[in-house]
Structure formats: structure tokens, C-alpha cells
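Worksheet: one structure, shown below.
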Amino acid sequence: MMIVRLALQSLANRRVTAVLTVLAIAVSVMLLLGVEKVRTGAKQSFADTISGTDLIVGARSGSLNLLLYSVFRIGNATNNVTWKSYQDIAKMPEVKWIVPLSLGDSHHGFRVLGTNTDYFTHYKFRHGQSMKFVAGGPFKDLFDAVIGSDVAEALHYKVGDKIIIAHGTGAISFIKHADKPFRVSGILAKTGTPIDRTVHVSLQAIEAIHIDWKNGAPVPGQSISPEQVRKMDLTPTAITAAMVGLKSKLATFRVQRAINNYEEEPLSAIMPGVALQELWGMIGTAETALSAVSAMVVVTALLGMVTMILTTLNERRREMAILRSVGATPATVLGLLAAEGGLLTLAGVVVGALGLYAGLYLARPYIDHTYGLSLPIDPPRPDEWLKLGSIVVAGFVAGLLPAIRAYRLSLADGMMVRT
Amino acid sequence: MDDLPTLEVGQRGESVGSPDAVSFSDVQYTWPGSSPFTLSIESFALARGEKLLLLGPSGSGKSTFLSLLAGIVAPNKGKIDVLGTNMAELGGAARDRFRVEHFGIIFQMFNLLPYGSLIDNVLLPLRFSRTRRDRALVQGPVEDVSKRLLMALGLDESVVGSARAASLSVGQQQRVAAARALIGSPQIIVADEPTSALDRNTEGAFLKLLFAQSMAAGASVIMVSHDESLGQFFDRVVRLDEIAVAKRGARQ
């Protein structure tokens, strides 16, 4: 139809402003969808931090605190769990496996985790994925360490390198276990979880480097060499927390209650999934704010479009009068302008969506590698389609605003062509 | 002028009975708004095939008169008979249709869609009216008809092929506007000071060409202007203040 062609030509005549308007809408749509993708990606990555573990046991505290220090290595434990409690839990008939976690030391700001080799088989993330070694393997010797991929990358470590562990968890520590260096025995593949930023050593090693310490400081004049320590009993007296796997998920609540009511020591058992949900609920406010901001950006872009159409309206009055003189009804005039708004928005939405997917496709490996955030490349979900559709409708409605004005003008102008 | 398109008169067949193409009786119209302008026309007639010049200074109500005539606005009272149809009784959409079928309109300036080609601009009325399209088709494919018309109005063939109307001079643009008004043989050509932006020589040439084509098509021409010297080209000259009373100010 020639009218449609003329409408397009009219737009082409104003192509610079039209293209800029489409770009503004496209960028806002990219932002809106991008925030949505990052949001779902982040939520998923977050929920995927730990899986396969039924309970996390620690000294009695809030579930978030326990989750934060045991899984995310954030903050510190309020208290320890005695080795006896650990063994009692391990002996419970419902317990299939238990992995001890001992925290408190660090290496250049990366937390050091004392555990056993079961950790590498039982800790699961991202729907039950297991850890993989890119180099070396689990610790065999007392002074072996397995490092996460971020640690390896940041400090340029390779298998066989000697590292020294610092006491305490600060990025800069003045008290070091310099007398007992460790050897990197393995480097883990990127997981996108806190594992990447962790140095893993054996529980016995944690015990060994603290054997000549008392109350958080080396005992003066008493130094035990690595060779001597190997001959000593290195059974720990306490650990920080433990991960527990059960034979049947049905027993989860029963075991949890039993641990919470453990009489010899105040303990807490949490279900990591539930605690993760709780934690996400707290930081979820930020995601709502982010969505709100991106929605505002879309509104801004649409306002920009209305402004663009309005400013060209004077020039268009001429066009309207000409079209009216050759028989166009005011409704045609209204339709032309409203269609223009709808068309610009539609173009913006399409360009924005394609741009986002292209960007996602290009940036995905980088984002996954750098931030451990796996962003899904899937077609827009129903609610996203709804959002996109709403934007087009909003653009059409916004286009009505100048259209109604043009309509009024074309009625008031009558046969006069104004300049 | 051998290559003039031969525009047949007898194709229309509507309301041959009435001798006048247009007649106004007791028409009154008030522009809405805070400072209303009222135009009253007791009686006015335009004969079929007549070339009439309507004189009036600016602000005398010429544009209002043309808006009433072309059915852009409907009178508050009175009767506007155009080719046997009382326009005052037609609804908005019907007036729009009536206008494109029976009127060719030429504005003072800025007649063309600047981004459209010359042919696009000329063919515009045919897109809104099947009747005019059919009338044009009698003379051949519409593109050819418009080309012939443009050339008959004194445009070079090289200019006629122009992709964009914006590249034309004002005089050329007015010729394209005239071609658009004439295509599909509407019965009444309405021109609102079409020559005001042209110099004297071009003005005369433009009017002669316009009249040659309108006569060939048997159309009446009504043109408004403030320039009395144009009277020599017309059959009749009417001053607007002789036929109409313009009143400005508060609503009665």
C-alpha cells in the first residue's frame, strides 16, 4: 500500500532521529532483558552453589551465619564443633557420609579449608556436578594443598609450587605458618562457587600447623619441625562445621531435630537449600530495584520517542493538510502517526532483543569464566514475551499522544497549510 | 500543445441536472475556540466550467470559505450544494470521500510530500478514491497519465522522473500540485493563492496551463487571492466581502 510506503518514506526522511530513537528503545530493551537474564542467572548460580548435601552442621547459630561461613566462606564461626560431636553424628544410622570443614586460616586473602578427600567427591554444585581437577589431584601428603581456579589464576600457581599459609583470615596477615610450607598438589576446574577461591588442605595439616600454637599465637621457644609433626597424632580436637549426606531425604527433618537437640554441645543443623532461599530472599530486594530501574529506562526511551514525534509534528502538519486535501480522513492521519510510534517501538524491541542475544552469545563464555555466572541463552519466557509485548503496546499508545495532537491540528487547520 | 492529454468530460454522470457546480445559501460557520471567528454567506454560486477569482485580503475568511467549500468543516447552519449533494448533511468521513472524488486542491505552497517522488505525489488522490482512479484509468495506466499531465503542465521529462519532490523549485512544485489536483478529473479545482510564491511571468504561464487542463477536463476553477491583477485570467471576479460577512470576537 502506498500510504504505508509513504509513512515509511516519511520516517526515512527523518532517518537520523528515527534511528536514534530506535537505538534508545533498543538499548533500554536490552537493559530490561539483560537485567532479567542476569537476575535468573545469578539466582540459579546462587542456588547451584551447593547441592547433594542434606545438612550442614555447625555450632549453634543462625542458619544464615552458618551457611555464609561454611559455604560462602564469609564471616566466621561463633564456635567450634568438637571432634566427639562430629564422630557421634557420623555414627548416626541415617548418615551416609559426613565431611568435616575446618576454617580459620588464609592464603593471600583466600580462605584455607581443612577437610578430607571425601570433600572432592561429595561436594556437588550446579545440579549435582562434581569438582574436576585441571591439574594434579587430591592431597596425598600431609602438606599437600588443592587450590581453586581463582586462586591458581590470581596467584599464578601451578602444581608443585610451595605456598605458605597465614594464620587468621585477613588479606594481609603478619603471623604466618612459615615453618611448614605446603605443596600445590592439584588445581580444581572453575566451578562458579566459593570453591574457586579456596585453598583446600587436609584436616591433619590444619592440626599440624597449629600443633606448636596456643591461644592463637606460636608458643615462644617451642618449635616442632615438619618432620617431627609427621610422627605425632594429628587427630583434631575440633572442627568448624560438617557437611552431611543422608541415606534417605525423608530422614532429613528427624536428623536435623536430633542434631539441634544434641545434649553434649549446642549445635545447629541447616538444610542448605532452605538457607539459600532465605539468603536470596534478603538480597532479592536489590534485584527488584534493578528491575524497577530498567523499567524506568524503557519509559524514558518511550518518552524520548514521543518527544521526537512531537517536535517533528509542525513539519508534519503540512503533510497532514496535504493528506486531508486528497481525501485522507482524520482517522487515517491518526493511524499514520500512531503506527509510527508503534513501528519505531517494535523496531526498537526487535533490535534490542537481537542485540541482547548477540551480546549474550559473545559475552557468555567470558562471564561464566570470570564471574562463575552461567547466563541462560534461551528464547524469551512467557513473562518476557509479555514484557516485550507491553513495550510495543506502550509505544503504540505513546504514539497516540502526538497523533491525537496532529488529529486536532488537522481539524483546526482546515484547508490552511501552515509552515 | 499537441501532447495535451485529452481528458474526457462525459465520464462522470453525476447530477447533470443542476446548472451550478456549487451553491451556498444562508451558510454560517463559527470556528470553535476561545476567540471565535464567524463567517456568514447568504448566497454564492459557481457555475459548471466557470473560472472564478475570489478576492479578499488576508484574514477576511478566505481559508474558512475554502474549508467549507471543500468539506473540511461542516457549516453550523445553511446549505452547501456541490454537484447536487448537500455537503452540510454529510458526515465527516462522507465529506472526506466526497472531497477526494470531486475536488482537486492546490495550496499556496508546500503542496508536496517532500520525500515522495513526483509521481507518488500526483497519484495520492487516486489512493483515497476509487472513482478518481477509475476515471484516470480510462486514459491509460495511472503512471502514464500522471506523466503526461505533468508534461502538459510544462515540466520537462527529465524533471518528471525525479525521485524526490523536495528537489524541485517552487514553480515546479506548484505544477506538480496542479497535476495532482487535476488527475482523475475532479469537477472542481480549488486553489488557495497558488501563484503567490511565483513571479509574474511564471504566474501567468502557470494559470494558462492550469486553465487549459481544467477546460479540457470540463472542471470549474475557484481560486482565492488578494491580487486583483489576476482578474484578467478569469471569467468572473468576486470579492469575498460582497458575498460573506466575517465577524470576529465573542460567540453570539
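Each chain in the C-alpha cells gets a letter, A, B, ..., in the order shown, and its residues are numbered from 1; ligands are numbered from 1 in order too.
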Shell around region 227-231 of chain A at 9 Å using only C-alpha atoms, local window under 4 positions removed, as a VMD selection string: chain A and resid 142 208 to 209 211
So that I have them on file, write out the residues from the current selection with C-alpha atoms, as a CSV table (one decimal), in the first residue's frame.
```
chain,number,residue,atom,x,y,z
A,142,LEU,CA,50.3,-34.1,54.9
A,208,ALA,CA,49.9,-29.9,62.2
A,209,ILE,CA,50.5,-26.3,61.6
A,211,ILE,CA,50.4,-28.0,67.0
```
Extract, using only C-alpha atoms, all DNA, RNA and protein residues at most 8 Å from region 376-393 of chain A, discarding same-chain residues fewer than 4 positions from it, and format them as a list in words.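 Contacts, with the query itself left out: Val29, Leu33, Lys37, Gly41, Val298, Gly342, Thr345, Leu346, Val349, Tyr357, Leu360, Tyr361 and Val397 of chain A.
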Any chance you could list, as JSON, numbers by chain, the residues in region 8-221 of chain B that come up helix (DSSP H, G or I) when DSSP is run on the backbone? {"B": [62, 63, 64, 65, 66, 67, 68, 69, 87, 88, 89, 92, 93, 94, 95, 96, 97, 98, 99, 100, 101, 102, 118, 119, 120, 121, 122, 123, 124, 125, 126, 127, 128, 130, 131, 132, 133, 134, 135, 136, 137, 142, 143, 144, 145, 146, 147, 148, 149, 150, 151, 152, 157, 158, 159, 160, 165, 166, 167, 170, 171, 172, 173, 174, 175, 176, 177, 178, 179, 180, 181, 182, 200, 201, 202, 203, 204, 205, 206, 207, 208, 209, 210, 211, 212, 213, 214, 215, 216, 217]}
Under the rule of at most 6 Å, produce a per-residue listing of chain B near chain A: chain, number, name, the closest pair of atoms, and the distance in Å, as JSON lines, using only C-alpha atoms.
```
{"residue": "B:Ser67", "atom": "CA", "partner": "A:Met415", "partner_atom": "CA", "distance": 5.2}
{"residue": "B:Ile72", "atom": "CA", "partner": "A:Gly414", "partner_atom": "CA", "distance": 5.7}
{"residue": "B:Asp96", "atom": "CA", "partner": "A:Gly327", "partner_atom": "CA", "distance": 5.0}
{"residue": "B:Arg97", "atom": "CA", "partner": "A:Gly327", "partner_atom": "CA", "distance": 5.8}
{"residue": "B:Val100", "atom": "CA", "partner": "A:Gly327", "partner_atom": "CA", "distance": 4.5}
{"residue": "B:Pro125", "atom": "CA", "partner": "A:Val326", "partner_atom": "CA", "distance": 4.8}
{"residue": "B:Phe128", "atom": "CA", "partner": "A:Gly327", "partner_atom": "CA", "distance": 5.8}
```
Selection near region 21-38 of chain B, 6 Å with only C-alpha atoms, sequence-local residues under 4 positions removed, as a PDB file with C-alpha atoms, in the first residue's frame:
```
ATOM      1  CA  GLU B  42     -26.024  34.376   2.313  1.00  0.00           C
ATOM      2  CA  SER B  43     -25.699  33.284  -1.251  1.00  0.00           C
ATOM      3  CA  PHE B  44     -22.925  32.221  -3.601  1.00  0.00           C
ATOM      4  CA  ALA B  45     -22.807  30.159  -6.763  1.00  0.00           C
ATOM      5  CA  LEU B  46     -20.160  28.731  -9.062  1.00  0.00           C
ATOM      6  CA  ALA B  47     -21.243  27.606 -12.499  1.00  0.00           C
ATOM      7  CA  ARG B  48     -20.023  24.420 -14.125  1.00  0.00           C
ATOM      8  CA  PRO B  75     -21.423  24.661   8.425  1.00  0.00           C
ATOM      9  CA  ASN B  76     -23.332  25.284  11.633  1.00  0.00           C
ATOM     10  CA  LYS B  77     -26.338  26.116   9.518  1.00  0.00           C
ATOM     11  CA  GLY B  78     -27.322  26.586   5.899  1.00  0.00           C
ATOM     12  CA  LYS B  79     -26.883  24.562   2.760  1.00  0.00           C
ATOM     13  CA  ILE B  80     -23.802  23.964   0.626  1.00  0.00           C
ATOM     14  CA  ASP B  81     -24.840  22.267  -2.562  1.00  0.00           C
ATOM     15  CA  VAL B  82     -21.970  20.737  -4.504  1.00  0.00           C
ATOM     16  CA  LEU B  83     -22.875  18.903  -7.703  1.00  0.00           C
ATOM     17  CA  ALA B 246     -16.894  37.927   8.708  1.00  0.00           C
ATOM     18  CA  LYS B 247     -17.277  38.501  12.415  1.00  0.00           C
ATOM     19  CA  ARG B 248     -14.556  38.196  14.965  1.00  0.00           C
ATOM     20  CA  GLY B 249     -14.920  38.059  18.727  1.00  0.00           C
TER      21      GLY B 249
END
```
Who sits within 8 Å of Ala181 (chain B), only C-alpha atoms, same chain under 6 positions skipped, as a count of residues only: 6
How would you write, as a PDB file with N, CA and C atoms, in the first residue's frame, the set of residues in region 68-253 of chain A that DSSP gives as strand (DSSP E or B)?
```pdb
ATOM      1  N   VAL A  81      32.944 -27.127  66.619  1.00  0.00           N
ATOM      2  CA  VAL A  81      32.250 -28.376  66.907  1.00  0.00           C
ATOM      3  C   VAL A  81      33.331 -29.360  67.361  1.00  0.00           C
ATOM      4  N   THR A  82      33.103 -30.003  68.478  1.00  0.00           N
ATOM      5  CA  THR A  82      34.151 -30.911  68.960  1.00  0.00           C
ATOM      6  C   THR A  82      34.224 -32.157  68.086  1.00  0.00           C
ATOM      7  N   VAL A  95      22.968 -41.385  58.625  1.00  0.00           N
ATOM      8  CA  VAL A  95      24.014 -40.630  57.935  1.00  0.00           C
ATOM      9  C   VAL A  95      24.774 -41.526  56.959  1.00  0.00           C
ATOM     10  N   LYS A  96      24.816 -41.080  55.714  1.00  0.00           N
ATOM     11  CA  LYS A  96      25.507 -41.843  54.682  1.00  0.00           C
ATOM     12  C   LYS A  96      26.964 -41.412  54.606  1.00  0.00           C
ATOM     13  N   TRP A  97      27.187 -40.126  54.622  1.00  0.00           N
ATOM     14  CA  TRP A  97      28.563 -39.623  54.621  1.00  0.00           C
ATOM     15  C   TRP A  97      28.621 -38.309  55.382  1.00  0.00           C
ATOM     16  N   ILE A  98      29.798 -37.984  55.853  1.00  0.00           N
ATOM     17  CA  ILE A  98      29.989 -36.706  56.539  1.00  0.00           C
ATOM     18  C   ILE A  98      31.368 -36.173  56.192  1.00  0.00           C
ATOM     19  N   VAL A  99      31.445 -34.903  55.900  1.00  0.00           N
ATOM     20  CA  VAL A  99      32.715 -34.288  55.521  1.00  0.00           C
ATOM     21  C   VAL A  99      32.997 -33.139  56.479  1.00  0.00           C
ATOM     22  N   PRO A 100      34.151 -33.172  57.166  1.00  0.00           N
ATOM     23  CA  PRO A 100      34.459 -32.096  58.109  1.00  0.00           C
ATOM     24  C   PRO A 100      34.975 -30.850  57.387  1.00  0.00           C
ATOM     25  N   LEU A 101      34.697 -29.713  57.965  1.00  0.00           N
ATOM     26  CA  LEU A 101      35.195 -28.447  57.425  1.00  0.00           C
ATOM     27  C   LEU A 101      35.886 -27.713  58.554  1.00  0.00           C
ATOM     28  N   SER A 102      37.128 -27.287  58.319  1.00  0.00           N
ATOM     29  CA  SER A 102      37.837 -26.548  59.348  1.00  0.00           C
ATOM     30  C   SER A 102      38.378 -25.263  58.739  1.00  0.00           C
ATOM     31  N   LEU A 103      37.910 -24.150  59.253  1.00  0.00           N
ATOM     32  CA  LEU A 103      38.264 -22.854  58.669  1.00  0.00           C
ATOM     33  C   LEU A 103      39.039 -22.024  59.679  1.00  0.00           C
ATOM     34  N   GLY A 104      39.606 -20.950  59.230  1.00  0.00           N
ATOM     35  CA  GLY A 104      40.283 -20.055  60.176  1.00  0.00           C
ATOM     36  C   GLY A 104      41.614 -19.540  59.682  1.00  0.00           C
ATOM     37  N   ASP A 105      42.182 -20.189  58.674  1.00  0.00           N
ATOM     38  CA  ASP A 105      43.438 -19.696  58.132  1.00  0.00           C
ATOM     39  C   ASP A 105      43.219 -19.183  56.718  1.00  0.00           C
ATOM     40  N   SER A 106      44.222 -18.500  56.188  1.00  0.00           N
ATOM     41  CA  SER A 106      44.070 -17.976  54.834  1.00  0.00           C
ATOM     42  C   SER A 106      45.402 -17.952  54.111  1.00  0.00           C
ATOM     43  N   HIS A 107      45.302 -17.726  52.807  1.00  0.00           N
ATOM     44  CA  HIS A 107      46.491 -17.609  51.986  1.00  0.00           C
ATOM     45  C   HIS A 107      46.254 -16.458  51.016  1.00  0.00           C
ATOM     46  N   PHE A 110      42.746 -15.640  50.430  1.00  0.00           N
ATOM     47  CA  PHE A 110      41.879 -16.775  50.108  1.00  0.00           C
ATOM     48  C   PHE A 110      41.773 -17.673  51.329  1.00  0.00           C
ATOM     49  N   ARG A 111      40.548 -18.111  51.616  1.00  0.00           N
ATOM     50  CA  ARG A 111      40.353 -18.931  52.806  1.00  0.00           C
ATOM     51  C   ARG A 111      40.986 -20.303  52.614  1.00  0.00           C
ATOM     52  N   VAL A 112      41.517 -20.822  53.730  1.00  0.00           N
ATOM     53  CA  VAL A 112      42.056 -22.182  53.720  1.00  0.00           C
ATOM     54  C   VAL A 112      41.038 -23.073  54.406  1.00  0.00           C
ATOM     55  N   LEU A 113      40.695 -24.155  53.738  1.00  0.00           N
ATOM     56  CA  LEU A 113      39.707 -25.072  54.279  1.00  0.00           C
ATOM     57  C   LEU A 113      40.377 -26.404  54.573  1.00  0.00           C
ATOM     58  N   GLY A 114      40.275 -26.807  55.857  1.00  0.00           N
ATOM     59  CA  GLY A 114      40.776 -28.125  56.216  1.00  0.00           C
ATOM     60  C   GLY A 114      39.648 -29.123  56.069  1.00  0.00           C
ATOM     61  N   THR A 115      39.908 -30.212  55.357  1.00  0.00           N
ATOM     62  CA  THR A 115      38.833 -31.194  55.127  1.00  0.00           C
ATOM     63  C   THR A 115      39.485 -32.540  54.826  1.00  0.00           C
ATOM     64  N   LYS A 124      28.831 -31.173  45.771  1.00  0.00           N
ATOM     65  CA  LYS A 124      28.276 -31.072  44.421  1.00  0.00           C
ATOM     66  C   LYS A 124      27.742 -29.667  44.205  1.00  0.00           C
ATOM     67  N   PHE A 125      27.772 -29.235  42.970  1.00  0.00           N
ATOM     68  CA  PHE A 125      27.208 -27.920  42.627  1.00  0.00           C
ATOM     69  C   PHE A 125      26.543 -28.036  41.268  1.00  0.00           C
ATOM     70  N   GLN A 129      26.840 -31.487  39.760  1.00  0.00           N
ATOM     71  CA  GLN A 129      28.152 -31.610  39.117  1.00  0.00           C
ATOM     72  C   GLN A 129      29.219 -31.794  40.191  1.00  0.00           C
ATOM     73  N   SER A 130      30.213 -32.611  39.891  1.00  0.00           N
ATOM     74  CA  SER A 130      31.294 -32.803  40.852  1.00  0.00           C
ATOM     75  C   SER A 130      32.475 -31.939  40.463  1.00  0.00           C
ATOM     76  N   PHE A 133      39.534 -31.897  38.492  1.00  0.00           N
ATOM     77  CA  PHE A 133      40.888 -31.345  38.566  1.00  0.00           C
ATOM     78  C   PHE A 133      41.361 -30.992  37.169  1.00  0.00           C
ATOM     79  N   VAL A 134      41.878 -29.770  37.004  1.00  0.00           N
ATOM     80  CA  VAL A 134      42.502 -29.450  35.719  1.00  0.00           C
ATOM     81  C   VAL A 134      43.967 -29.858  35.735  1.00  0.00           C
ATOM     82  N   ALA A 135      44.521 -29.969  36.959  1.00  0.00           N
ATOM     83  CA  ALA A 135      45.911 -30.422  37.069  1.00  0.00           C
ATOM     84  C   ALA A 135      46.084 -31.107  38.414  1.00  0.00           C
ATOM     85  N   GLY A 136      46.941 -32.097  38.475  1.00  0.00           N
ATOM     86  CA  GLY A 136      47.224 -32.788  39.729  1.00  0.00           C
ATOM     87  C   GLY A 136      46.029 -33.555  40.244  1.00  0.00           C
ATOM     88  N   ASP A 144      50.122 -31.269  51.492  1.00  0.00           N
ATOM     89  CA  ASP A 144      49.624 -31.019  50.142  1.00  0.00           C
ATOM     90  C   ASP A 144      48.427 -30.064  50.223  1.00  0.00           C
ATOM     91  N   ALA A 145      48.251 -29.262  49.155  1.00  0.00           N
ATOM     92  CA  ALA A 145      47.099 -28.358  49.101  1.00  0.00           C
ATOM     93  C   ALA A 145      46.463 -28.425  47.721  1.00  0.00           C
ATOM     94  N   VAL A 146      45.145 -28.343  47.700  1.00  0.00           N
ATOM     95  CA  VAL A 146      44.408 -28.290  46.429  1.00  0.00           C
ATOM     96  C   VAL A 146      43.806 -26.899  46.332  1.00  0.00           C
ATOM     97  N   ILE A 147      44.069 -26.216  45.235  1.00  0.00           N
ATOM     98  CA  ILE A 147      43.591 -24.837  45.150  1.00  0.00           C
ATOM     99  C   ILE A 147      42.488 -24.694  44.097  1.00  0.00           C
ATOM    100  N   LYS A 162      55.331 -24.137  46.056  1.00  0.00           N
ATOM    101  CA  LYS A 162      55.278 -24.103  47.523  1.00  0.00           C
ATOM    102  C   LYS A 162      54.472 -22.882  47.956  1.00  0.00           C
ATOM    103  N   ILE A 163      53.556 -23.096  48.904  1.00  0.00           N
ATOM    104  CA  ILE A 163      52.811 -21.953  49.426  1.00  0.00           C
ATOM    105  C   ILE A 163      52.855 -21.955  50.947  1.00  0.00           C
ATOM    106  N   ALA A 166      48.795 -18.399  56.059  1.00  0.00           N
ATOM    107  CA  ALA A 166      48.832 -17.395  57.116  1.00  0.00           C
ATOM    108  C   ALA A 166      47.762 -17.697  58.132  1.00  0.00           C
ATOM    109  N   HIS A 167      48.049 -17.314  59.352  1.00  0.00           N
ATOM    110  CA  HIS A 167      47.074 -17.521  60.404  1.00  0.00           C
ATOM    111  C   HIS A 167      46.042 -16.404  60.348  1.00  0.00           C
ATOM    112  N   LYS A 176      52.461 -15.969  60.142  1.00  0.00           N
ATOM    113  CA  LYS A 176      52.424 -16.979  59.098  1.00  0.00           C
ATOM    114  C   LYS A 176      52.927 -18.315  59.619  1.00  0.00           C
ATOM    115  N   PHE A 182      53.421 -25.586  52.237  1.00  0.00           N
ATOM    116  CA  PHE A 182      52.613 -26.602  51.550  1.00  0.00           C
ATOM    117  C   PHE A 182      53.026 -26.687  50.085  1.00  0.00           C
ATOM    118  N   ARG A 183      52.680 -27.802  49.496  1.00  0.00           N
ATOM    119  CA  ARG A 183      52.950 -28.004  48.079  1.00  0.00           C
ATOM    120  C   ARG A 183      51.603 -28.118  47.360  1.00  0.00           C
ATOM    121  N   VAL A 184      51.449 -27.392  46.254  1.00  0.00           N
ATOM    122  CA  VAL A 184      50.198 -27.481  45.496  1.00  0.00           C
ATOM    123  C   VAL A 184      50.133 -28.847  44.815  1.00  0.00           C
ATOM    124  N   SER A 185      49.131 -29.651  45.217  1.00  0.00           N
ATOM    125  CA  SER A 185      49.044 -30.991  44.630  1.00  0.00           C
ATOM    126  C   SER A 185      48.008 -31.054  43.503  1.00  0.00           C
ATOM    127  N   GLY A 186      47.071 -30.120  43.533  1.00  0.00           N
ATOM    128  CA  GLY A 186      46.050 -30.158  42.474  1.00  0.00           C
ATOM    129  C   GLY A 186      45.375 -28.814  42.310  1.00  0.00           C
ATOM    130  N   ILE A 187      44.905 -28.574  41.106  1.00  0.00           N
ATOM    131  CA  ILE A 187      44.157 -27.348  40.824  1.00  0.00           C
ATOM    132  C   ILE A 187      42.788 -27.750  40.296  1.00  0.00           C
ATOM    133  N   LEU A 188      41.745 -27.154  40.899  1.00  0.00           N
ATOM    134  CA  LEU A 188      40.381 -27.518  40.521  1.00  0.00           C
ATOM    135  C   LEU A 188      39.907 -26.700  39.323  1.00  0.00           C
ATOM    136  N   THR A 198      39.154 -20.968  47.234  1.00  0.00           N
ATOM    137  CA  THR A 198      39.521 -21.674  48.459  1.00  0.00           C
ATOM    138  C   THR A 198      40.799 -22.494  48.253  1.00  0.00           C
ATOM    139  N   VAL A 199      41.602 -22.538  49.317  1.00  0.00           N
ATOM    140  CA  VAL A 199      42.765 -23.433  49.345  1.00  0.00           C
ATOM    141  C   VAL A 199      42.390 -24.600  50.252  1.00  0.00           C
ATOM    142  N   HIS A 200      42.389 -25.800  49.698  1.00  0.00           N
ATOM    143  CA  HIS A 200      41.981 -26.963  50.478  1.00  0.00           C
ATOM    144  C   HIS A 200      43.198 -27.730  50.972  1.00  0.00           C
ATOM    145  N   VAL A 201      43.183 -28.023  52.256  1.00  0.00           N
ATOM    146  CA  VAL A 201      44.247 -28.880  52.805  1.00  0.00           C
ATOM    147  C   VAL A 201      43.578 -29.951  53.661  1.00  0.00           C
ATOM    148  N   SER A 202      44.366 -30.883  54.118  1.00  0.00           N
ATOM    149  CA  SER A 202      43.753 -31.941  54.929  1.00  0.00           C
ATOM    150  C   SER A 202      43.525 -31.438  56.346  1.00  0.00           C
ATOM    151  N   TRP A 213      51.136 -24.140  68.568  1.00  0.00           N
ATOM    152  CA  TRP A 213      50.487 -22.857  68.871  1.00  0.00           C
ATOM    153  C   TRP A 213      49.567 -23.023  70.066  1.00  0.00           C
ATOM    154  N   LYS A 214      49.360 -21.937  70.734  1.00  0.00           N
ATOM    155  CA  LYS A 214      48.378 -21.954  71.817  1.00  0.00           C
ATOM    156  C   LYS A 214      47.673 -20.619  71.847  1.00  0.00           C
ATOM    157  N   ALA A 217      48.516 -18.044  68.968  1.00  0.00           N
ATOM    158  CA  ALA A 217      49.855 -17.492  68.748  1.00  0.00           C
ATOM    159  C   ALA A 217      50.873 -18.612  68.938  1.00  0.00           C
ATOM    160  N   PRO A 218      52.020 -18.537  68.239  1.00  0.00           N
ATOM    161  CA  PRO A 218      53.024 -19.574  68.441  1.00  0.00           C
ATOM    162  C   PRO A 218      53.574 -19.504  69.866  1.00  0.00           C
ATOM    163  N   ALA A 238      38.812 -30.260  67.381  1.00  0.00           N
ATOM    164  CA  ALA A 238      37.566 -29.587  66.991  1.00  0.00           C
ATOM    165  C   ALA A 238      37.603 -29.239  65.507  1.00  0.00           C
ATOM    166  N   ILE A 239      36.411 -29.091  64.910  1.00  0.00           N
ATOM    167  CA  ILE A 239      36.302 -28.615  63.533  1.00  0.00           C
ATOM    168  C   ILE A 239      35.307 -27.448  63.522  1.00  0.00           C
ATOM    169  N   ALA A 241      32.722 -26.930  60.997  1.00  0.00           N
ATOM    170  CA  ALA A 241      31.396 -27.369  60.564  1.00  0.00           C
ATOM    171  C   ALA A 241      31.534 -28.687  59.837  1.00  0.00           C
ATOM    172  N   ALA A 242      30.409 -29.269  59.469  1.00  0.00           N
ATOM    173  CA  ALA A 242      30.454 -30.515  58.714  1.00  0.00           C
ATOM    174  C   ALA A 242      29.297 -30.559  57.729  1.00  0.00           C
ATOM    175  N   MET A 243      29.593 -31.180  56.585  1.00  0.00           N
ATOM    176  CA  MET A 243      28.527 -31.396  55.603  1.00  0.00           C
ATOM    177  C   MET A 243      28.066 -32.834  55.755  1.00  0.00           C
ATOM    178  N   VAL A 244      26.759 -33.027  55.735  1.00  0.00           N
ATOM    179  CA  VAL A 244      26.220 -34.352  55.978  1.00  0.00           C
ATOM    180  C   VAL A 244      25.348 -34.788  54.809  1.00  0.00           C
ATOM    181  N   GLY A 245      25.550 -36.017  54.353  1.00  0.00           N
ATOM    182  CA  GLY A 245      24.660 -36.609  53.371  1.00  0.00           C
ATOM    183  C   GLY A 245      23.894 -37.735  54.027  1.00  0.00           C
ATOM    184  N   LEU A 246      22.605 -37.832  53.738  1.00  0.00           N
ATOM    185  CA  LEU A 246      21.784 -38.844  54.397  1.00  0.00           C
ATOM    186  C   LEU A 246      21.441 -39.968  53.427  1.00  0.00           C
TER     187      LEU A 246
END
```
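Across the structure, CA of Gln256 (chain A) and CA of Phe72 (chain A) are spaced 21.1 Å apart.
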I want to know what sits within 8 Å of Leu150 (chain B), based on only C-alpha atoms, with residues of the same chain fewer than 4 positions away left out; could you give that as a list of chain:residue names? B:Ser146, B:Gly154, B:Leu155, B:Val160, B:Arg175, B:Val176, B:Ala179
Neighbours of Ala338 (chain A) within 9 Å (only C-alpha atoms; same-chain residues fewer than 6 positions away dropped), as number ranges by chain? A: 395-404
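Closest approach to Glu287 (chain A) from the set A:Ala42, A:Ala154, A:Ile309, A:Ile206 is made by A:Ala42, with distances taken over only C-alpha atoms.
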Leaving out His226 (chain B) and any residue of its chain fewer than 5 positions from it, which residues lie within 12 Å of it when counting only C-alpha atoms, given as an MDAnalysis selection string? chainID B and resid 53:62 192:196 231 237:240
What does the distance from CA of His210 (chain A) to CA of His108 (chain A) come to in Å, to one decimal? 18.4 Å
Between CA of Ala205 (chain A) and CA of Ile164 (chain A), distance in Å (one decimal):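 Computing it gives 12.3 Å between the two atoms.
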